[in-house]
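Peer 1: Sharing protein-v6.cif (mmCIF, C-alpha atoms) below.
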```
data_my_file
#
loop_
_atom_site.label_atom_id
_atom_site.label_comp_id
_atom_site.auth_asym_id
_atom_site.auth_seq_id
_atom_site.Cartn_x
_atom_site.Cartn_y
_atom_site.Cartn_z
CA MET A 1 -5.02 -12.52 11.68
CA VAL A 2 -2.43 -9.78 12.23
CA THR A 3 1.23 -10.37 11.41
CA MET A 4 4.11 -8.03 12.22
CA GLU A 5 7.58 -8.49 10.78
CA PRO A 6 10.81 -6.54 10.59
CA ILE A 7 11.51 -5.05 7.15
CA THR A 8 15.04 -3.93 6.32
CA VAL A 9 15.44 -0.93 4.02
CA GLY A 10 18.83 0.70 3.52
CA GLY A 11 20.20 -0.88 6.68
CA HIS A 12 17.27 0.38 8.77
CA THR A 13 14.75 -1.95 10.41
CA LEU A 14 11.15 -0.88 9.86
CA VAL A 15 7.84 -2.43 10.93
CA GLY A 16 5.74 -4.34 8.40
CA VAL A 17 2.15 -5.19 9.33
CA GLU A 18 -0.24 -7.45 7.44
CA VAL A 19 -3.89 -7.66 8.49
CA LYS A 20 -5.88 -10.48 6.89
CA LEU A 21 -9.55 -9.53 6.54
CA PRO A 22 -12.39 -11.21 4.67
CA LYS A 23 -11.70 -10.75 0.94
CA THR A 24 -8.78 -8.35 1.44
CA THR A 25 -5.47 -7.83 3.20
CA LEU A 26 -4.26 -4.53 4.64
CA LEU A 27 -0.52 -3.87 4.32
CA THR A 28 1.61 -1.17 5.86
CA ILE A 29 5.30 -0.50 6.44
CA SER A 30 6.18 2.26 8.89
CA THR A 31 9.08 4.35 10.11
CA SER A 32 9.04 6.52 13.22
CA ARG A 33 7.84 9.47 11.06
CA GLY A 34 5.53 8.03 8.44
CA TYR A 35 4.31 5.02 6.50
CA ILE A 36 3.32 3.52 3.18
CA MET A 37 0.19 1.44 2.80
CA CYS A 38 -1.87 -0.52 0.31
CA GLY A 39 -4.79 0.94 -1.63
CA ALA A 40 -7.03 1.01 1.45
CA LEU A 41 -5.31 4.23 2.54
CA ASP A 42 -7.40 7.35 1.88
CA ILE A 43 -4.92 10.11 1.02
CA GLY A 44 -7.74 12.62 0.50
CA LEU A 45 -8.97 12.07 4.04
CA LEU A 46 -5.47 12.48 5.46
CA ASN A 47 -4.91 15.72 3.54
CA ASP A 48 -8.35 17.26 3.88
CA ARG A 49 -9.92 16.16 7.15
CA LEU A 50 -6.78 15.28 9.12
CA GLY A 51 -4.39 17.82 7.61
CA ASP A 52 -3.68 19.38 10.99
CA ARG A 53 -2.02 16.10 12.02
CA LYS A 54 0.64 16.51 9.28
CA ILE A 55 0.66 12.80 8.44
CA ILE A 56 3.50 11.60 6.22
CA ALA A 57 2.14 8.72 4.12
CA GLY A 58 2.04 7.16 0.68
CA ARG A 59 -0.35 4.78 -1.06
CA ALA A 60 0.41 1.96 -3.49
CA VAL A 61 -2.43 0.17 -5.27
CA GLY A 62 -2.66 -3.42 -6.46
CA VAL A 63 -0.16 -4.80 -3.96
CA ARG A 64 -0.73 -8.11 -2.21
CA THR A 65 2.46 -8.57 -0.16
CA LEU A 66 4.83 -6.44 1.89
CA LYS A 67 7.55 -7.11 -0.71
CA GLU A 68 5.28 -5.75 -3.46
CA LEU A 69 4.53 -2.70 -1.29
CA LEU A 70 8.28 -2.01 -1.03
CA GLU A 71 8.84 -2.33 -4.77
CA SER A 72 5.68 -0.79 -6.23
CA PRO A 73 5.39 2.85 -7.26
CA LEU A 74 3.30 5.04 -4.99
CA GLU A 75 0.02 6.09 -6.58
CA SER A 76 -0.51 9.08 -4.26
CA VAL A 77 1.11 10.78 -1.27
CA THR A 78 0.06 13.22 1.44
CA SER A 79 1.02 16.88 1.29
CA GLU A 80 3.45 16.33 4.16
CA ALA A 81 5.13 13.47 2.27
CA ALA A 82 5.42 15.66 -0.83
CA ALA A 83 7.13 18.33 1.28
CA LEU A 84 9.86 15.73 1.99
CA GLY A 85 10.36 15.03 -1.71
CA ILE A 86 8.20 11.90 -1.84
CA VAL A 87 6.28 11.84 -5.11
CA PRO A 88 3.79 9.58 -6.90
CA GLY A 89 5.67 7.02 -8.97
CA MET A 90 8.46 6.69 -6.41
CA PRO A 91 9.03 3.09 -5.24
CA GLY A 92 7.92 2.38 -1.69
CA HIS A 93 11.43 1.64 -0.44
CA GLU A 94 12.71 5.05 -1.64
CA ALA A 95 9.81 6.82 0.03
CA LEU A 96 10.49 5.03 3.31
CA LEU A 97 14.13 6.16 3.28
CA LYS A 98 12.93 9.78 2.99
CA MET A 99 10.68 9.19 6.03
CA LEU A 100 13.57 8.27 8.32
#
```
Rewrite the coordinates I just gave you, this time as structure tokens.
Peer 2:
Amino acid sequence: MVTMEPITVGGHTLVGVEVKLPKTTLLTISTSRGYIMCGALDIGLLNDRLGDRKIIAGRAVGVRTLKELLESPLESVTSEAAALGIVPGMPGHEALLKML
């Protein structure tokens, strides 16, 4: 099952998506420029093999809900996200504000 819901961060409405799969759930919250995602996101792939796409993204591990994704510290970020001042350890909601 796929669920989409509005997520408000700093007065901005973003898109939260939850995809229920067997034995796991994929979570993402996106802006028009970038996104944060659960541990399923492969930052290495985005930086190394898809670097020419200049993807702005961050990864949080161990999250089970969109609320946890907003509050949890990012474990890793893409090079493009780092260029915007988004760093590992930054809470998801702060990273999303920098992606606006």
Peer 1: One decimal, Å: what's the distance from CA of Ile43 in chain A over to CA of Leu70 in chain A, could you say?
Peer 2: 18.0 Å
Peer 1: Could you tell me which of A:Leu14, A:Ala81, A:Leu46, A:Ile36 comes closest to Arg59 in chain A if we count only C-alpha atoms?
Peer 2: A:Ile36
Peer 1: As JSON, numbers by chain, please: the residues near Ile56 in chain A (cut-off 7 Å, only C-alpha atoms, same-chain neighbours under 6 positions excluded).
Peer 2: {"A": [33, 34, 35, 78, 80, 81]}
Peer 1: So what do you get for CA of Gly51 in chain A versus CA of Leu27 in chain A, distance-wise?
Peer 2: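 Calculated distance between CA of Gly51 in chain A and CA of Leu27 in chain A is 22.3 Å.
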Peer 1: Run through the PyMOL selection byres ((chain A and resi 62) around 8) on the given coordinates and return the selected residues as a ChimeraX atom specification.
Peer 2: /A:38-39,60-61,63-64
Peer 1: What's the separation between CA of Met1 in chain A and CA of Lys20 in chain A, in Å to one decimal place?
Peer 2: 5.3 Å
Peer 1: Taking into account only C-alpha atoms, which residue in the set A:Leu45, A:Met37, A:Val9, A:Val2 is nearest to Leu21 in chain A?
Peer 2: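 Under the stated criterion, the closest residue is A:Val2.
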Peer 1: Could you list the residues chosen by the PyMOL selection byres ((chain A and resi 10) around 12) in this structure as a list in words?
Peer 2: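 That selection, the PyMOL selection byres ((chain A and resi 10) around 12), comes back as Ile7, Thr8, Val9, Gly11, His12, Thr13, Leu14, Leu70, His93, Glu94, Ala95, Leu96, Leu97, Lys98 and Leu100 of chain A.
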Peer 1: Given the file above and the PyMOL selection byres ((chain A and resi 3) around 8), which residues are selected, and can you give them as a PyMOL selection string?
Peer 2: chain A and resi 1-2+4-5+17-19
Peer 1: Measuring atom to atom with only C-alpha atoms, identify which of A:Pro6, A:Ile29, A:Pro88, A:Pro22 is nearest to Glu75 in chain A.
Peer 2: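 The closest residue to Glu75 in chain A is A:Pro88.
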Peer 1: Which is closer to Gly44 in chain A than all the others in A:Ser79, A:Lys23, A:Ser30, A:Glu68, using all atoms listed in the file?
Peer 2: A:Ser79
Peer 1: With all atoms listed in the file as the atoms that count, which of A:Asp42, A:Thr24, A:Met90, A:Asn47 lies nearest to Leu69 in chain A?
Peer 2: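 Result for the nearest residue to Leu69 in chain A: A:Met90.
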